[in-house]
Amino acid sequence: MRLKGEIHNPCCDEEEEKVAEENGRELNSIVGVGISPPAKLVVGYALTSKKKKSFLQPKLLGLARNMGIFFIAIDLNRALSDQGPFDVVLHKLAGKEWSEIIEDYRQKHPEVTVLDPPNAVQHLHNRQSMLQGVADLNLSDCHGKVGVPKQLIVTKDPLSIPNEVDKAGLKLPLVAKPLLVDGSAKSHELFLAYDQCSLSELEPPLVLQEFVNHGGVLFKVYIVGEAIKVVRRFSLPNISKRELEKLAGVFRFPRVSCAAASADDADLDPSIAELPERPLLENLARQLRQRLGLRLFNVDMIREHGTKDVFYVIDINYFPGYGKMPDYEHIFTDFLLSLVQSKHKKRPAT
């Protein structure tokens, strides 16, 4: 199962090799003496080096081991079916070859929970299909309204963009994002275009969204199965009509929401800092889980400035940076154990 390209063997990191070997030895000793610890769960993982470092932190591995959960690195140089046995396969690797491997494994091993199915993950690699699910929800109830900003997909010559924007009736300023999401830092960059002429400086394929003033605060909604955790992040500031008249050109921004930009402890206007109501988030998460077919993702939401309950989803990410989520190790281990309980419930009585 040797993969080509930039995917490296998850066991290449010395520290992670040590963790994997330690877990493997511990599992072998358990099997050898015939002891079955409570709710033992074996999780095979295939993650990028960056994801392993951020997710497989000592606090998660230690808590998991104490609860009978073992994380074992998948060897990409061996056939996946020859490894394990696994109860769960956790993966986040790019490329068509890996998607085919994990999908084939999923079909041949229905008893293993694959987080998440590659065909479902694929929908989030394109920002058009990513947000279409939210647009189709038309979620509106007594707790608020959730939609997506008015947007336009551009795949043609950059010189045609001003005319396309005019025909679509989009209002400036516009946020421009790459159409495809491949996990690279570049795919998470965004640009802000302030005037019509500068739009031709952008490079398709891309998504253009109307910029919505939101008080400079973004809500990052982490979803792990049925669990929901919300944190505040600083975002782009409001743009007044006066500023829009003075500004021109295209401005590039790196990834806006990151751990360093946490707004949870900042002294914010309560009308800006107030979190979306819990029932609204639960409804959104439930419907997205069903529509997307995913259990591990997060949603970036903003509240339209000057309103209490009008929200927009601007991005969805598969298997996001859970290591930045408060109390993530407890939330994730509880989720993994719930998978075991769910399997036991589905087993026919003997």
# chains A, B, ... in the order shown; residues from 1 in each chain; ligands from 1

$ residues_around --residues "range 219-236 of chain A" --least-positions-apart "6" --cutoff "8 Å" --atoms "only C-alpha atoms" --output "list in words"
Val256, Ser257, Cys258, Ala259, Ala261, Ser262, Ala263, Asp264, Ala273, Leu275, Leu281, Glu282, Ala285, Arg286, Arg295, Leu296, Phe297, Asn298, Val299, Asp300, Met301, Ile302, Pro320, Tyr322, Met325, Ile331, Phe332 and Phe335 of chain A

$ select_by_dssp --residues "range 180-312 of chain A" --states "strand (DSSP E)" --output "VMD selection string"
chain A and resid 190 to 193 206 to 210 217 to 224 227 to 234 250 to 253 296 to 303 310 to 312

$ atom_distance --atom1 "CA of Val121 in chain A" --atom2 "CA of Lys51 in chain A"
16.0 Å

$ residues_around --residues "Gly293 in chain A" --least-positions-apart "2" --cutoff "9 Å" --atoms "only C-alpha atoms" --output "PyMOL selection string"
chain A and resi 116-117+120-121+288-291+295

$ closest_residue --among "A:Arg78, A:Asp104, A:Leu336, A:Ser54" --to "Leu41 in chain A" --atoms "only C-alpha atoms"
A:Leu336

$ select_by_dssp --residues "range 61-124 of chain A" --states "helix (DSSP H, G or I)" --output "ChimeraX atom specification"
/A:61-66,80-82,96-108,118-124

$ residues_around --residues "range 171-183 of chain A" --least-positions-apart "2" --cutoff "6 Å" --atoms "only C-alpha atoms" --output "list in words"
His125, Asn126, Arg127, Ser187, Leu190, Phe191, Leu192, Ala193, Tyr194, Pro205, Leu206, Val207, Leu208, Gln209, Glu210 and Phe211 of chain A

$ decode --residues "range 99-234 of chain A" --atoms "C-alpha atoms" --output "compact mmCIF listing (two decimals), in the first residue's frame"
# COMPACT_ATOMS: atom_id res chain seq x y z
CA SER A 99 -9.39 7.70 -0.95
CA GLU A 100 -9.64 4.57 -3.09
CA ILE A 101 -7.73 2.51 -0.52
CA ILE A 102 -9.85 3.58 2.43
CA GLU A 103 -13.11 3.22 0.48
CA ASP A 104 -12.14 -0.32 -0.59
CA TYR A 105 -11.29 -1.15 3.02
CA ARG A 106 -14.60 0.29 4.21
CA GLN A 107 -16.56 -1.86 1.76
CA LYS A 108 -14.67 -5.04 2.72
CA HIS A 109 -14.79 -4.35 6.48
CA PRO A 110 -18.26 -3.00 7.33
CA GLU A 111 -17.64 -3.91 10.99
CA VAL A 112 -14.99 -1.15 11.19
CA THR A 113 -16.08 2.45 11.72
CA VAL A 114 -14.24 4.67 9.22
CA LEU A 115 -14.08 8.31 10.26
CA ASP A 116 -15.18 9.54 7.86
CA PRO A 117 -16.26 7.99 4.52
CA PRO A 118 -14.00 9.42 1.77
CA ASN A 119 -16.87 10.22 -0.60
CA ALA A 120 -18.45 12.36 2.15
CA VAL A 121 -15.15 14.08 2.93
CA GLN A 122 -14.75 14.87 -0.77
CA HIS A 123 -17.72 17.27 -0.67
CA LEU A 124 -15.74 19.57 1.62
CA HIS A 125 -12.82 19.76 -0.83
CA ASN A 126 -14.89 22.05 -3.04
CA ARG A 127 -16.33 25.23 -1.57
CA GLN A 128 -19.29 25.14 -3.95
CA SER A 129 -20.52 21.72 -2.79
CA MET A 130 -19.37 22.49 0.77
CA LEU A 131 -21.82 25.34 1.33
CA GLN A 132 -24.59 24.06 -0.92
CA GLY A 133 -25.73 21.78 1.89
CA VAL A 134 -26.19 24.76 4.18
CA ALA A 135 -27.99 26.78 1.52
CA ASP A 136 -30.42 23.90 0.95
CA LEU A 137 -31.25 23.71 4.67
CA ASN A 138 -32.89 27.13 4.79
CA LEU A 139 -32.60 26.85 8.57
CA SER A 140 -34.84 29.34 10.33
CA ASP A 141 -36.68 28.99 13.63
CA CYS A 142 -37.44 30.92 16.81
CA HIS A 143 -33.77 30.67 17.83
CA GLY A 144 -32.37 32.29 14.69
CA LYS A 145 -31.72 32.02 10.99
CA VAL A 146 -28.70 30.38 9.31
CA GLY A 147 -27.74 30.85 5.67
CA VAL A 148 -24.72 31.43 3.45
CA PRO A 149 -23.51 34.76 2.04
CA LYS A 150 -24.52 35.51 -1.52
CA GLN A 151 -21.78 34.01 -3.66
CA LEU A 152 -20.51 33.36 -7.17
CA ILE A 153 -18.28 30.59 -8.52
CA VAL A 154 -15.68 31.81 -11.03
CA THR A 155 -13.70 29.37 -13.17
CA LYS A 156 -13.02 31.50 -16.27
CA ASP A 157 -10.61 34.21 -17.37
CA PRO A 158 -9.94 36.80 -14.59
CA LEU A 159 -10.83 39.61 -17.00
CA SER A 160 -14.42 38.33 -17.05
CA ILE A 161 -14.84 38.57 -13.27
CA PRO A 162 -16.05 42.22 -13.06
CA ASN A 163 -18.76 41.51 -15.62
CA GLU A 164 -19.77 38.23 -13.93
CA VAL A 165 -20.04 39.99 -10.56
CA ASP A 166 -22.15 42.73 -12.09
CA LYS A 167 -24.50 40.20 -13.73
CA ALA A 168 -24.86 38.27 -10.44
CA GLY A 169 -25.70 41.47 -8.55
CA LEU A 170 -23.04 40.98 -5.86
CA LYS A 171 -22.20 44.00 -3.74
CA LEU A 172 -18.69 45.11 -2.80
CA PRO A 173 -16.56 44.41 -0.89
CA LEU A 174 -16.15 40.77 -1.86
CA VAL A 175 -14.28 37.95 -0.13
CA ALA A 176 -12.39 35.70 -2.55
CA LYS A 177 -11.36 32.16 -1.60
CA PRO A 178 -9.81 29.32 -3.63
CA LEU A 179 -12.52 27.01 -4.96
CA LEU A 180 -10.66 23.84 -4.02
CA VAL A 181 -9.58 22.93 -0.48
CA ASP A 182 -6.59 20.60 -0.38
CA GLY A 183 -5.38 21.10 3.19
CA SER A 184 -2.58 23.48 2.21
CA ALA A 185 -2.17 26.92 3.77
CA LYS A 186 -2.76 28.44 0.33
CA SER A 187 -6.22 26.89 0.04
CA HIS A 188 -7.21 28.66 3.27
CA GLU A 189 -6.02 32.11 2.19
CA LEU A 190 -8.60 34.75 1.49
CA PHE A 191 -8.60 38.04 -0.36
CA LEU A 192 -10.77 41.13 0.09
CA ALA A 193 -11.62 43.07 -3.08
CA TYR A 194 -12.84 46.62 -2.53
CA ASP A 195 -13.55 47.85 -6.06
CA GLN A 196 -14.82 46.52 -9.38
CA CYS A 197 -11.63 47.09 -11.36
CA SER A 198 -9.42 45.14 -8.96
CA LEU A 199 -11.51 41.98 -9.38
CA SER A 200 -9.60 41.10 -12.55
CA GLU A 201 -6.44 40.72 -10.39
CA LEU A 202 -7.88 37.59 -8.80
CA GLU A 203 -6.94 34.10 -9.97
CA PRO A 204 -9.73 31.59 -10.72
CA PRO A 205 -10.97 29.04 -9.87
CA LEU A 206 -12.40 30.78 -6.85
CA VAL A 207 -15.48 31.58 -4.83
CA LEU A 208 -16.59 35.18 -4.39
CA GLN A 209 -18.78 35.96 -1.37
CA GLU A 210 -20.37 39.20 -0.31
CA PHE A 211 -18.58 40.45 2.79
CA VAL A 212 -20.93 40.55 5.78
CA ASN A 213 -20.05 42.91 8.64
CA HIS A 214 -19.90 40.73 11.78
CA GLY A 215 -18.18 42.75 14.48
CA GLY A 216 -14.80 41.15 13.87
CA VAL A 217 -15.76 37.92 15.65
CA LEU A 218 -16.23 34.44 14.20
CA PHE A 219 -17.82 31.44 15.94
CA LYS A 220 -15.97 28.19 15.38
CA VAL A 221 -18.42 25.35 16.01
CA TYR A 222 -16.62 22.04 16.58
CA ILE A 223 -18.68 18.89 16.04
CA VAL A 224 -17.58 15.47 17.30
CA GLY A 225 -20.41 13.02 16.71
CA GLU A 226 -23.30 14.54 18.65
CA ALA A 227 -21.08 16.73 20.84
CA ILE A 228 -20.80 20.46 20.08
CA LYS A 229 -18.24 22.94 21.35
CA VAL A 230 -18.17 26.62 20.34
CA VAL A 231 -15.24 29.03 20.63
CA ARG A 232 -14.85 32.64 19.53
CA ARG A 233 -12.11 33.75 17.16
CA PHE A 234 -11.14 37.21 16.00
